[in-house]
$ cat run_6.cif   # mmCIF, C-alpha atoms
data_target
loop_
_atom_site.label_atom_id
_atom_site.label_comp_id
_atom_site.auth_asym_id
_atom_site.auth_seq_id
_atom_site.Cartn_x
_atom_site.Cartn_y
_atom_site.Cartn_z
CA MET I 30 5.64 59.02 -0.73
CA ILE I 31 6.34 57.70 2.78
CA ARG I 32 2.73 56.47 3.06
CA GLN I 33 2.99 54.64 -0.28
CA ASN I 34 6.22 52.91 0.80
CA LYS I 35 4.61 51.98 4.10
CA ARG I 36 1.61 50.47 2.31
CA LYS I 37 3.87 48.48 -0.02
CA TRP I 38 5.90 47.26 2.96
CA MET I 39 2.74 46.28 4.87
CA GLY I 40 1.34 44.49 1.77
CA SER I 41 4.56 42.54 1.28
CA LEU I 42 4.60 41.58 4.98
CA LEU I 43 0.98 40.43 4.76
CA LEU I 44 1.74 38.31 1.70
CA LEU I 45 4.75 36.79 3.48
CA ILE I 46 2.70 35.95 6.57
CA THR I 47 -0.07 34.44 4.41
CA ALA I 48 2.47 32.34 2.50
CA LEU I 49 4.01 31.11 5.75
CA VAL I 50 0.59 30.20 7.20
CA VAL I 51 -0.57 28.42 4.04
CA SER I 52 2.69 26.45 3.80
CA SER I 53 2.68 25.54 7.50
CA THR I 54 2.10 21.91 8.47
CA PRO I 55 -1.14 22.58 10.47
CA PHE I 56 -2.68 24.49 7.56
CA ARG I 57 -1.72 21.80 5.03
CA ASP I 58 -3.13 19.09 7.30
CA LEU I 59 -6.32 21.09 7.77
CA SER I 60 -6.75 21.66 4.02
CA SER I 61 -6.19 17.95 3.35
CA PHE I 62 -8.84 16.95 5.89
CA PRO I 63 -11.39 14.78 4.03
CA ARG I 64 -14.75 16.31 3.10
CA GLU I 65 -16.37 12.88 2.87
CA LEU I 66 -15.43 9.63 4.55
CA ARG I 67 -16.71 6.07 4.13
CA LEU I 68 -16.28 3.59 6.96
CA MET I 69 -17.38 0.02 7.51
CA GLU I 70 -19.36 -0.92 10.59
CA GLY I 71 -17.07 -2.24 13.33
CA SER I 72 -13.93 -0.51 12.01
CA LEU I 73 -11.90 2.27 13.65
CA GLU I 74 -10.56 5.38 11.91
CA GLN I 75 -8.09 8.04 13.05
CA LEU I 76 -8.79 11.62 11.92
CA ARG I 77 -6.08 14.28 12.12
CA VAL I 78 -6.57 18.04 12.20
CA SER I 79 -3.05 18.81 13.54
CA VAL I 80 -3.83 22.34 14.74
CA PRO I 81 -2.06 23.06 18.06
CA VAL I 82 -5.12 24.32 19.95
CA MET I 83 -8.00 22.95 22.01
CA GLY I 84 -11.25 22.80 20.10
CA THR I 85 -14.73 21.32 19.94
CA LEU I 86 -15.98 18.48 17.77
CA ILE I 87 -19.71 18.40 17.10
CA ASN I 88 -21.18 15.01 16.20
CA SER I 89 -24.51 15.28 14.38
CA ASN I 90 -25.49 11.66 15.06
CA PRO I 91 -23.93 9.91 18.10
CA ASP I 92 -26.05 6.81 17.38
CA ILE I 93 -24.02 6.32 14.18
CA LEU I 94 -20.57 7.37 15.43
CA HIS I 95 -18.64 7.61 18.66
CA VAL I 96 -15.68 9.98 18.81
CA ASN I 97 -12.80 9.35 21.23
CA GLY I 98 -14.85 6.61 22.87
CA THR I 99 -17.80 8.82 23.82
CA GLU I 100 -21.36 9.13 22.57
CA ALA I 101 -21.59 12.83 23.51
CA ARG I 102 -22.82 15.23 20.83
CA GLU I 103 -20.10 17.79 21.66
CA VAL I 104 -16.59 16.70 22.57
CA SER I 105 -13.70 18.89 23.72
CA VAL I 106 -10.64 17.73 21.78
CA ASP I 107 -6.96 18.52 21.52
CA LEU I 108 -6.73 19.32 17.81
CA SER I 109 -3.02 18.53 17.73
CA GLN I 110 -3.81 14.85 18.47
CA PRO I 111 -5.59 12.31 16.24
CA MET I 112 -9.25 11.66 17.01
CA SER I 113 -10.61 8.11 16.98
CA VAL I 114 -13.88 7.65 15.08
CA GLU I 115 -15.77 4.42 15.78
CA PRO I 116 -18.76 3.54 13.58
CA ARG I 117 -21.56 1.99 15.64
CA LYS I 118 -24.13 1.21 12.94
CA ALA I 119 -24.87 1.91 9.29
CA GLY I 120 -26.01 5.45 8.49
CA GLU I 121 -24.79 8.99 7.93
CA ALA I 122 -23.39 11.64 10.24
CA GLU I 123 -21.42 14.87 10.05
CA LEU I 124 -18.46 15.82 12.21
CA GLN I 125 -17.71 19.53 12.52
CA VAL I 126 -14.50 20.87 14.08
CA LYS I 127 -14.57 24.31 15.74
CA TRP I 128 -12.07 26.51 17.48
CA ARG I 129 -14.08 28.60 19.91
CA ASN I 130 -16.98 29.64 17.65
CA ILE I 131 -15.00 29.54 14.43
CA PRO I 132 -15.73 26.53 12.16
CA LEU I 133 -12.44 25.01 10.97
CA THR I 134 -13.57 22.03 8.92
CA ALA I 135 -16.25 19.36 8.61
CA VAL I 136 -16.54 15.84 7.23
CA LYS I 137 -19.60 13.85 6.13
CA VAL I 138 -19.28 10.25 7.31
CA ASN I 139 -21.11 7.41 5.59
CA VAL I 140 -21.07 4.21 7.64
CA LEU I 141 -21.62 1.10 5.52
CA PRO I 142 -22.92 -2.25 6.82
CA ASP I 143 -20.30 -4.74 7.98
CA LEU I 144 -19.38 -7.10 5.14
CA ARG I 145 -17.31 -10.26 5.59
CA LEU I 146 -16.34 -12.72 2.88
CA TYR I 147 -14.46 -15.97 2.60
CA PRO I 148 -11.29 -15.27 0.60
CA GLY I 149 -10.69 -17.81 -2.15
CA GLY I 150 -7.38 -18.90 -3.63
CA GLN I 151 -8.72 -22.25 -4.87
CA SER I 152 -8.05 -23.23 -8.47
CA ILE I 153 -11.28 -23.59 -10.44
CA GLY I 154 -12.17 -24.97 -13.83
CA VAL I 155 -14.31 -22.63 -15.95
CA LYS I 156 -16.78 -23.93 -18.53
CA LEU I 157 -18.55 -21.18 -20.42
CA GLN I 158 -21.37 -21.44 -22.96
CA THR I 159 -21.90 -18.41 -25.17
CA ALA I 160 -25.26 -16.67 -25.61
CA GLY I 161 -25.57 -17.77 -29.22
CA VAL I 162 -22.59 -18.63 -31.43
CA LEU I 163 -19.57 -16.40 -31.93
CA VAL I 164 -18.22 -15.82 -35.45
CA VAL I 165 -14.43 -16.25 -35.35
CA GLY I 166 -13.66 -16.32 -39.08
CA HIS I 167 -14.84 -16.72 -42.70
CA HIS I 168 -14.14 -19.62 -45.05
CA LEU I 169 -14.89 -20.21 -48.72
CA VAL I 170 -17.51 -22.76 -49.80
CA ASP I 171 -16.92 -24.49 -53.15
CA ASN I 172 -20.24 -25.08 -54.94
CA GLY I 173 -18.54 -26.52 -58.03
CA LYS I 174 -18.73 -23.28 -59.99
CA SER I 175 -17.24 -20.70 -57.63
CA LYS I 176 -15.88 -20.24 -54.14
CA ALA I 177 -17.35 -17.70 -51.73
CA SER I 178 -18.35 -17.19 -48.11
CA PRO I 179 -22.17 -16.83 -47.84
CA GLY I 180 -21.72 -15.38 -44.35
CA GLU I 181 -19.33 -12.69 -45.54
CA GLN I 182 -21.64 -11.88 -48.45
CA ALA I 183 -24.50 -11.52 -45.96
CA GLY I 184 -22.53 -8.85 -44.10
CA ILE I 185 -21.52 -10.94 -41.07
CA HIS I 186 -18.27 -9.78 -39.42
CA VAL I 187 -15.72 -11.61 -37.31
CA GLY I 188 -16.70 -10.98 -33.68
CA ASP I 189 -20.45 -10.97 -34.39
CA MET I 190 -22.70 -13.09 -32.19
CA ILE I 191 -25.52 -14.97 -33.95
CA VAL I 192 -28.28 -15.30 -31.37
CA LYS I 193 -31.31 -16.24 -33.51
CA MET I 194 -31.90 -18.15 -36.74
CA ASN I 195 -35.40 -18.00 -38.21
CA ASP I 196 -36.70 -16.62 -34.88
CA LEU I 197 -35.24 -19.57 -32.94
CA TYR I 198 -32.65 -18.92 -30.23
CA ILE I 199 -29.35 -20.69 -30.88
CA ASN I 200 -27.83 -22.67 -28.01
CA ASP I 201 -25.00 -24.55 -29.68
CA MET I 202 -23.40 -25.45 -32.99
CA ASN I 203 -25.59 -28.54 -33.42
CA ASP I 204 -28.62 -26.24 -33.63
CA VAL I 205 -26.85 -24.20 -36.29
CA LYS I 206 -25.96 -27.24 -38.39
CA LYS I 207 -29.53 -28.54 -38.31
CA LEU I 208 -31.12 -25.20 -39.30
CA VAL I 209 -28.58 -24.52 -42.06
CA ASN I 210 -29.20 -27.91 -43.68
CA GLU I 211 -32.99 -27.54 -43.41
CA ALA I 212 -32.88 -24.12 -45.08
CA GLY I 213 -30.49 -25.35 -47.79
CA LYS I 214 -32.67 -28.32 -48.71
CA LYS I 215 -35.71 -26.05 -48.96
CA ASN I 216 -33.69 -23.53 -50.96
CA SER I 217 -34.82 -20.84 -48.53
CA PRO I 218 -32.72 -18.12 -46.84
CA LEU I 219 -31.91 -17.93 -43.16
CA GLN I 220 -33.07 -14.86 -41.22
CA LEU I 221 -30.43 -14.08 -38.62
CA LEU I 222 -30.43 -11.84 -35.53
CA VAL I 223 -26.83 -10.73 -35.04
CA VAL I 224 -25.36 -8.79 -32.11
CA ARG I 225 -22.40 -6.57 -32.97
CA GLY I 226 -21.21 -4.69 -29.90
CA LYS I 227 -24.29 -2.81 -28.66
CA GLU I 228 -25.99 -3.03 -32.06
CA LYS I 229 -28.57 -5.64 -33.15
CA LEU I 230 -28.82 -6.46 -36.85
CA ASN I 231 -31.27 -8.48 -38.93
CA LEU I 232 -29.38 -10.15 -41.79
CA THR I 233 -30.31 -12.64 -44.49
CA LEU I 234 -27.97 -15.52 -45.37
CA HIS I 235 -28.32 -18.01 -48.23
CA PRO I 236 -26.64 -21.37 -47.38
CA VAL I 237 -24.50 -22.93 -50.12
CA LYS I 238 -24.04 -26.65 -50.75
CA ASP I 239 -20.44 -27.78 -50.45
CA GLN I 240 -19.42 -29.87 -53.47
CA LYS I 241 -17.10 -32.10 -51.43
CA ASP I 242 -19.45 -33.52 -48.80
CA GLY I 243 -22.89 -32.38 -49.92
CA GLU I 244 -23.49 -30.40 -46.71
CA TYR I 245 -24.91 -26.90 -46.70
CA ARG I 246 -22.55 -24.26 -45.30
CA MET I 247 -22.62 -20.65 -44.10
CA GLY I 248 -18.95 -20.04 -44.82
CA LEU I 249 -18.33 -19.12 -41.18
CA TYR I 250 -16.09 -20.43 -38.43
CA ILE I 251 -18.12 -20.32 -35.24
CA ARG I 252 -17.62 -21.14 -31.56
CA ASP I 253 -20.15 -21.80 -28.83
CA SER I 254 -18.05 -22.43 -25.73
CA ALA I 255 -14.82 -21.71 -23.87
CA ALA I 256 -12.96 -23.48 -21.08
CA GLY I 257 -9.98 -22.71 -18.88
CA VAL I 258 -8.57 -22.52 -15.38
CA GLY I 259 -8.46 -19.59 -12.97
CA THR I 260 -8.59 -18.72 -9.29
CA LEU I 261 -11.55 -18.10 -6.99
CA THR I 262 -11.41 -14.66 -5.34
CA PHE I 263 -14.24 -14.57 -2.78
CA PHE I 264 -17.47 -16.15 -1.59
CA ASP I 265 -20.24 -14.24 0.21
CA PRO I 266 -21.85 -16.60 2.77
CA HIS I 267 -25.07 -14.53 2.89
CA SER I 268 -25.93 -14.09 -0.79
CA LYS I 269 -23.93 -17.17 -1.98
CA ALA I 270 -22.36 -14.89 -4.62
CA TYR I 271 -18.79 -15.47 -5.73
CA GLY I 272 -16.23 -13.70 -7.89
CA ALA I 273 -13.20 -15.10 -9.72
CA LEU I 274 -10.43 -14.33 -12.24
CA GLY I 275 -10.28 -10.54 -11.83
CA HIS I 276 -10.39 -9.99 -15.62
CA VAL I 277 -12.74 -10.62 -18.53
CA ILE I 278 -12.73 -13.89 -20.49
CA SER I 279 -12.17 -13.03 -24.16
CA ASP I 280 -12.35 -15.20 -27.24
CA VAL I 281 -8.86 -16.30 -28.24
CA ASP I 282 -9.37 -15.50 -31.94
CA THR I 283 -11.44 -12.31 -31.93
CA GLY I 284 -10.39 -10.75 -28.64
CA GLN I 285 -14.07 -10.07 -27.95
CA ALA I 286 -15.49 -10.49 -24.46
CA ILE I 287 -17.59 -13.66 -24.37
CA VAL I 288 -21.27 -13.03 -23.69
CA VAL I 289 -22.45 -15.62 -21.17
CA GLY I 290 -25.32 -17.87 -22.10
CA ASP I 291 -24.63 -20.50 -19.46
CA GLY I 292 -21.64 -21.74 -17.54
CA GLN I 293 -20.32 -23.65 -14.57
CA ILE I 294 -17.29 -23.66 -12.33
CA VAL I 295 -15.81 -26.92 -11.09
CA GLN I 296 -12.83 -27.97 -8.99
CA ALA I 297 -9.39 -27.94 -10.57
CA SER I 298 -6.06 -29.40 -9.49
CA VAL I 299 -2.70 -27.84 -10.40
CA THR I 300 -0.47 -30.45 -12.06
CA SER I 301 2.60 -28.38 -12.98
CA ILE I 302 3.87 -24.83 -13.43
CA GLU I 303 5.87 -23.26 -16.22
CA LYS I 304 8.08 -20.72 -14.47
CA GLY I 305 7.80 -17.15 -15.72
CA GLN I 306 10.73 -15.14 -17.00
CA SER I 307 11.22 -11.76 -18.67
CA GLY I 308 9.37 -11.66 -21.98
CA ASN I 309 7.65 -15.00 -21.37
CA PRO I 310 4.95 -15.11 -18.66
CA GLY I 311 4.69 -18.49 -16.98
CA GLU I 312 1.55 -20.55 -16.59
CA LYS I 313 -0.25 -22.87 -14.20
CA PHE I 314 -1.25 -26.17 -15.77
CA ALA I 315 -4.27 -27.77 -14.17
CA ARG I 316 -6.89 -30.39 -14.85
CA PHE I 317 -10.57 -30.31 -14.08
CA TYR I 318 -11.26 -32.40 -10.99
CA ASN I 319 -14.52 -34.22 -10.27
CA GLU I 320 -16.38 -32.42 -13.08
CA SER I 321 -19.71 -33.96 -12.10
CA GLU I 322 -19.63 -31.86 -8.90
CA VAL I 323 -20.57 -28.38 -10.14
CA LEU I 324 -19.49 -25.71 -7.63
CA GLY I 325 -21.60 -22.91 -9.08
CA ASN I 326 -23.01 -21.22 -12.15
CA ILE I 327 -21.66 -18.35 -14.26
CA THR I 328 -24.05 -15.50 -14.94
CA LYS I 329 -21.70 -12.61 -15.79
CA ASN I 330 -18.37 -12.09 -17.56
CA THR I 331 -17.12 -8.53 -16.98
CA PRO I 332 -13.81 -6.64 -17.00
CA PHE I 333 -13.45 -7.70 -13.35
CA GLY I 334 -13.97 -11.44 -13.84
CA ILE I 335 -16.71 -14.02 -13.78
CA PHE I 336 -19.57 -14.00 -11.29
CA GLY I 337 -22.45 -16.19 -10.23
CA LYS I 338 -23.75 -18.20 -7.29
CA MET I 339 -22.17 -21.14 -5.49
CA LYS I 340 -24.15 -23.92 -3.87
CA GLU I 341 -22.12 -23.92 -0.66
CA GLU I 342 -19.05 -22.51 1.01
CA PRO I 343 -15.91 -23.46 -0.96
CA LYS I 344 -13.80 -26.30 0.38
CA ARG I 345 -10.10 -26.09 1.33
CA SER I 346 -10.35 -22.45 2.42
CA TYR I 347 -7.19 -21.04 3.98
CA TYR I 348 -9.21 -19.06 6.55
CA ARG I 349 -11.84 -20.75 8.67
CA GLU I 350 -13.76 -17.52 9.26
CA PRO I 351 -14.77 -14.81 6.75
CA LEU I 352 -12.67 -11.63 6.62
CA PRO I 353 -13.76 -7.98 6.42
CA VAL I 354 -13.21 -6.11 3.17
CA ALA I 355 -11.30 -2.89 2.59
CA LEU I 356 -12.77 -0.02 0.62
CA ALA I 357 -10.75 1.21 -2.37
CA GLU I 358 -9.46 4.28 -0.50
CA GLN I 359 -8.33 2.19 2.48
CA VAL I 360 -5.73 0.19 0.52
CA VAL I 361 -2.20 1.44 1.24
CA GLU I 362 1.28 0.80 -0.08
CA GLY I 363 3.16 -1.80 1.93
CA PRO I 364 3.27 -5.52 2.78
CA ALA I 365 0.37 -7.80 1.88
CA LYS I 366 -0.41 -11.47 1.13
CA ILE I 367 -1.96 -13.42 -1.70
CA LEU I 368 -3.75 -16.76 -1.52
CA THR I 369 -3.22 -19.20 -4.38
CA VAL I 370 -2.49 -22.83 -5.30
CA VAL I 371 0.87 -23.93 -6.69
CA GLU I 372 0.46 -27.67 -6.25
CA GLY I 373 -2.60 -29.91 -6.23
CA GLN I 374 -5.54 -28.25 -4.48
CA LYS I 375 -3.78 -26.80 -1.43
CA VAL I 376 -4.37 -23.05 -0.91
CA GLU I 377 -1.28 -21.31 0.50
CA GLU I 378 -0.43 -17.78 1.60
CA PHE I 379 2.50 -15.89 0.06
CA ASP I 380 4.12 -12.50 0.75
CA ILE I 381 3.80 -9.62 -1.70
CA GLU I 382 4.32 -5.86 -1.61
CA ILE I 383 1.70 -3.38 -2.79
CA ALA I 384 4.19 -1.09 -4.54
CA ASN I 385 1.77 1.54 -5.84
CA VAL I 386 -1.84 2.44 -5.11
CA ILE I 387 -3.80 4.17 -7.87
CA LYS I 388 -6.64 6.22 -6.39
CA GLN I 389 -9.90 5.40 -8.15
CA HIS I 390 -13.37 6.87 -7.66
CA PHE I 391 -14.82 4.83 -10.52
CA PRO I 392 -14.30 1.16 -11.47
CA ALA I 393 -11.06 0.46 -13.34
CA THR I 394 -9.20 -2.82 -13.56
CA LYS I 395 -5.68 -1.64 -12.72
CA GLY I 396 -5.93 -0.28 -9.19
CA MET I 397 -2.61 -1.29 -7.70
CA ILE I 398 0.83 -2.50 -8.70
CA ILE I 399 1.98 -5.54 -6.74
CA LYS I 400 5.34 -7.26 -6.43
CA VAL I 401 5.95 -10.83 -5.26
CA THR I 402 8.51 -10.89 -2.42
CA ASP I 403 7.99 -14.45 -1.16
CA LYS I 404 11.19 -16.40 -1.87
CA ARG I 405 9.40 -19.76 -2.08
CA LEU I 406 6.84 -18.48 -4.60
CA LEU I 407 9.57 -16.81 -6.68
CA GLU I 408 11.50 -20.08 -6.74
CA LYS I 409 8.41 -22.08 -7.71
CA THR I 410 6.76 -19.77 -10.27
CA GLY I 411 9.11 -16.85 -10.93
CA GLY I 412 6.37 -14.52 -9.65
CA ILE I 413 2.89 -14.07 -11.15
CA VAL I 414 1.87 -16.63 -13.77
CA GLN I 415 -1.19 -17.12 -15.95
CA GLY I 416 -3.85 -19.00 -14.02
CA MET I 417 -3.04 -17.01 -10.86
CA SER I 418 -5.47 -14.23 -11.81
CA GLY I 419 -8.20 -13.91 -9.23
CA SER I 420 -5.91 -14.77 -6.31
CA PRO I 421 -7.21 -12.66 -3.41
CA ILE I 422 -4.95 -9.96 -1.92
CA ILE I 423 -5.06 -9.65 1.88
CA GLN I 424 -3.73 -6.62 3.77
CA ASN I 425 -4.02 -5.94 7.51
CA GLY I 426 -6.51 -8.78 7.89
CA LYS I 427 -8.84 -7.47 5.16
CA ILE I 428 -9.57 -8.57 1.59
CA VAL I 429 -8.40 -5.63 -0.51
CA GLY I 430 -8.38 -6.95 -4.09
CA ALA I 431 -7.31 -9.62 -6.56
CA VAL I 432 -4.38 -10.33 -8.86
CA THR I 433 -5.28 -9.50 -12.47
CA HIS I 434 -2.22 -9.16 -14.75
CA VAL I 435 1.48 -9.93 -14.88
CA PHE I 436 4.04 -7.57 -16.37
CA VAL I 437 5.38 -9.30 -19.47
CA ASN I 438 8.92 -8.00 -18.95
CA ASP I 439 8.94 -8.51 -15.16
CA PRO I 440 6.99 -11.56 -13.98
CA THR I 441 7.68 -10.70 -10.33
CA SER I 442 5.24 -7.78 -10.67
CA GLY I 443 1.78 -7.12 -11.99
CA TYR I 444 -1.55 -5.42 -11.44
CA GLY I 445 -4.35 -5.96 -8.98
CA CYS I 446 -7.91 -4.64 -8.89
CA TYR I 447 -9.81 -3.46 -5.82
CA ILE I 448 -12.22 -5.93 -4.27
CA GLU I 449 -14.89 -3.21 -4.20
CA TRP I 450 -15.27 -3.25 -7.98
CA MET I 451 -15.54 -7.05 -8.08
CA LEU I 452 -18.23 -6.97 -5.39
CA GLN I 453 -20.17 -4.40 -7.38
CA ASP I 454 -20.23 -6.71 -10.43
CA ALA I 455 -21.21 -9.64 -8.21
CA GLY I 456 -24.26 -7.71 -7.01
CA VAL I 457 -22.84 -7.31 -3.50
CA GLN I 458 -23.17 -3.54 -3.02
CA VAL I 459 -20.60 -1.78 -0.87
CA ARG I 460 -21.18 1.87 -1.78
CA SER I 461 -24.28 3.55 -0.43
CA THR I 462 -24.96 4.97 -3.92
CA PRO I 463 -23.84 3.47 -7.25
CA GLN I 464 -20.80 5.08 -8.78
CA PRO I 465 -21.00 5.58 -12.40
CA ASN I 466 -4.81 2.76 -16.20
CA ALA I 467 -0.60 2.23 -16.53
CA LYS I 468 1.95 -0.12 -18.18
CA ALA I 469 0.87 -2.92 -20.50
CA GLY I 470 0.33 -6.26 -18.84
CA GLN I 471 -0.87 -9.72 -19.69
CA VAL I 472 -3.73 -11.40 -17.88
CA ALA I 473 -2.56 -13.76 -15.21
#

$ encode --input "run_6.cif" --output "structure tokens"
Amino acid sequence: MIRQNKRKWMGSLLLLITALVVSSTPFRDLSSFPRELRLMEGSLEQLRVSVPVMGTLINSNPDILHVNGTEAREVSVDLSQPMSVEPRKAGEAELQVKWRNIPLTAVKVNVLPDLRLYPGGQSIGVKLQTAGVLVVGHHLVDNGKSKASPGEQAGIHVGDMIVKMNDLYINDMNDVKKLVNEAGKKNSPLQLLVVRGKEKLNLTLHPVKDQKDGEYRMGLYIRDSAAGVGTLTFFDPHSKAYGALGHVISDVDTGQAIVVGDGQIVQASVTSIEKGQSGNPGEKFARFYNESEVLGNITKNTPFGIFGKMKEEPKRSYYREPLPVALAEQVVEGPAKILTVVEGQKVEEFDIEIANVIKQHFPATKGMIIKVTDKRLLEKTGGIVQGMSGSPIIQNGKIVGAVTHVFVNDPTSGYGCYIEWMLQDAGVQVRSTPQPNAKAGQVA
């Protein structure tokens, strides 16, 4: 009986000691030590073990990393103090922490090549040509006997993209008009290749002659282009790639993302601003400026914006030299800046606060919640307004992301996306290997 009580007492004591150790600050810090770490060339990172003992740090590749300013393979370290890790060149290494001969923890470090970009902020005009023609509605054609939509009868839906007619690629609505009339006069059907989401369909449409004007019709409302104003986010001086907007361009009627056939960006000048207020997001009003001078092309329209190549470094940059970029996990809550235009073509810097950071291991558009704190910007715009999307976010001298959405009921706040995801869509790879959301907002 005494032995059983003693065993119970010893077991309870052991559980208590284990609980105290596990809940202690050094143990929590040790368990939260990263297993993998990504760093950019030329940066400096502090690693904390926070165990109050002297230990040894083993560096598998001193050519890639220096620890505490030394290139030695084994370094004696005070584990209660942070260790400085300095990437020397791109590559991989492992850091293992030991106490005597007991391994405590280890981290795999992936050093990525130094990447510096020109942050944007300039207002740009966007002219987008669709890859085919987009169906935005049906209408009835009166042939004198009945009214019907030939397109609807053929099985064409709103949101479909017509890319071919009689094996000919469609570039604009003039092509459509010509082919429809030719088929109607010959009393022959049109063979259409239609894209619906990820599906491709072959459909047959019989044009009908409109009694009023004698023209042959498909009974479809179609669109072949879109235009608007946004903000440039970044320019890569090496690849000439750029990114802008921070969100997808969708058709105003169907809500479908526009598939790019061709497109250009040009200069734009802000003429006035409608100040935002709760329930009514404001807007930048701008005009295209010097349209004959095309700044670049548009090759992609994705959830993270529009992308393409620019002919040269953008003019009127706020920074004279390119800035480093921050990886998604390096963005922290706290003060930051945005670059944008509120008058004419002058790029200015304004204060914001990154109020919340959403950890993301895969691309997602809403990575951070931001709040405008700059009194002058609040007075001028009320916060984030439409047309400001794409404005680069700068924190600690690095480009960390872009403005994407404004909160409808609080125009002082909105969402931002991480610059890493925009770079990925621009073809500027940051990760060493390819990597396969919150309150409602409205695109800014």

$ resolve_selection --input "run_6.cif" --expression "the PyMOL selection byres ((chain I and resi 295) around 8)" --output "list in words"
Ile153, Gly154, Val155, Gln293, Ile294, Gln296, Ala297, Phe317, Tyr318, Asn319, Glu320, Glu322, Val323, Leu324 and Gly325 of chain I

$ atom_distance --input "run_6.cif" --atom1 "CA of Asn231 (chain I)" --atom2 "CA of Gly166 (chain I)"
19.3 Å

$ atom_distance --input "run_6.cif" --atom1 "CA of Val288 (chain I)" --atom2 "CA of Thr159 (chain I)"
5.6 Å

$ resolve_selection --input "run_6.cif" --expression "the PyMOL selection byres ((chain I and resi 442) around 12)" --output "PDB file with C-alpha atoms, in the coordinates of the input"
ATOM      1  CA  GLY I 305       7.800 -17.150 -15.720  1.00  0.00           C
ATOM      2  CA  GLN I 306      10.730 -15.140 -17.000  1.00  0.00           C
ATOM      3  CA  SER I 307      11.220 -11.760 -18.670  1.00  0.00           C
ATOM      4  CA  PRO I 310       4.950 -15.110 -18.660  1.00  0.00           C
ATOM      5  CA  ILE I 381       3.800  -9.620  -1.700  1.00  0.00           C
ATOM      6  CA  GLU I 382       4.320  -5.860  -1.610  1.00  0.00           C
ATOM      7  CA  ILE I 383       1.700  -3.380  -2.790  1.00  0.00           C
ATOM      8  CA  ALA I 384       4.190  -1.090  -4.540  1.00  0.00           C
ATOM      9  CA  ASN I 385       1.770   1.540  -5.840  1.00  0.00           C
ATOM     10  CA  MET I 397      -2.610  -1.290  -7.700  1.00  0.00           C
ATOM     11  CA  ILE I 398       0.830  -2.500  -8.700  1.00  0.00           C
ATOM     12  CA  ILE I 399       1.980  -5.540  -6.740  1.00  0.00           C
ATOM     13  CA  LYS I 400       5.340  -7.260  -6.430  1.00  0.00           C
ATOM     14  CA  VAL I 401       5.950 -10.830  -5.260  1.00  0.00           C
ATOM     15  CA  THR I 402       8.510 -10.890  -2.420  1.00  0.00           C
ATOM     16  CA  ASP I 403       7.990 -14.450  -1.160  1.00  0.00           C
ATOM     17  CA  LEU I 407       9.570 -16.810  -6.680  1.00  0.00           C
ATOM     18  CA  GLY I 411       9.110 -16.850 -10.930  1.00  0.00           C
ATOM     19  CA  GLY I 412       6.370 -14.520  -9.650  1.00  0.00           C
ATOM     20  CA  ILE I 413       2.890 -14.070 -11.150  1.00  0.00           C
ATOM     21  CA  VAL I 414       1.870 -16.630 -13.770  1.00  0.00           C
ATOM     22  CA  VAL I 432      -4.380 -10.330  -8.860  1.00  0.00           C
ATOM     23  CA  THR I 433      -5.280  -9.500 -12.470  1.00  0.00           C
ATOM     24  CA  HIS I 434      -2.220  -9.160 -14.750  1.00  0.00           C
ATOM     25  CA  VAL I 435       1.480  -9.930 -14.880  1.00  0.00           C
ATOM     26  CA  PHE I 436       4.040  -7.570 -16.370  1.00  0.00           C
ATOM     27  CA  VAL I 437       5.380  -9.300 -19.470  1.00  0.00           C
ATOM     28  CA  ASN I 438       8.920  -8.000 -18.950  1.00  0.00           C
ATOM     29  CA  ASP I 439       8.940  -8.510 -15.160  1.00  0.00           C
ATOM     30  CA  PRO I 440       6.990 -11.560 -13.980  1.00  0.00           C
ATOM     31  CA  THR I 441       7.680 -10.700 -10.330  1.00  0.00           C
ATOM     32  CA  GLY I 443       1.780  -7.120 -11.990  1.00  0.00           C
ATOM     33  CA  TYR I 444      -1.550  -5.420 -11.440  1.00  0.00           C
ATOM     34  CA  GLY I 445      -4.350  -5.960  -8.980  1.00  0.00           C
ATOM     35  CA  LYS I 468       1.950  -0.120 -18.180  1.00  0.00           C
ATOM     36  CA  ALA I 469       0.870  -2.920 -20.500  1.00  0.00           C
ATOM     37  CA  GLY I 470       0.330  -6.260 -18.840  1.00  0.00           C
ATOM     38  CA  GLN I 471      -0.870  -9.720 -19.690  1.00  0.00           C
ATOM     39  CA  ALA I 473      -2.560 -13.760 -15.210  1.00  0.00           C
TER      40      ALA I 473
END

$ resolve_selection --input "run_6.cif" --expression "the PyMOL selection byres ((chain I and resi 263-269) around 12)" --output "PyMOL selection string"
chain I and resi 144-151+260-262+270-275+324-326+334-344+346-348+350-354+368+419-423+427-431+448-449+451-452+455-458

$ closest_residue --input "run_6.cif" --among "I:Pro132, I:Pro218, I:Gly290, I:Pro116" --to "Asn200 (chain I)" --atoms "all atoms listed in the file"
I:Gly290

$ residues_around --input "run_6.cif" --residues "Ala135 (chain I)" --least-positions-apart "4" --cutoff "12 Å" --atoms "all atoms listed in the file" --output "PyMOL selection string"
chain I and resi 59-66+76-78+85-89+122-127+131

$ atom_distance --input "run_6.cif" --atom1 "CA of Thr331 (chain I)" --atom2 "CA of Arg349 (chain I)"
28.9 Å

$ residues_around --input "run_6.cif" --residues "Glu372 (chain I)" --least-positions-apart "5" --cutoff "8 Å" --atoms "only C-alpha atoms" --output "MDAnalysis selection string"
chainID I and resid 298:301

$ residues_around --input "run_6.cif" --residues "Leu94 (chain I)" --least-positions-apart "4" --cutoff "9 Å" --atoms "only C-alpha atoms" --output "ChimeraX atom specification"
/I:88-90,99-100,114-118,121-122,138,140
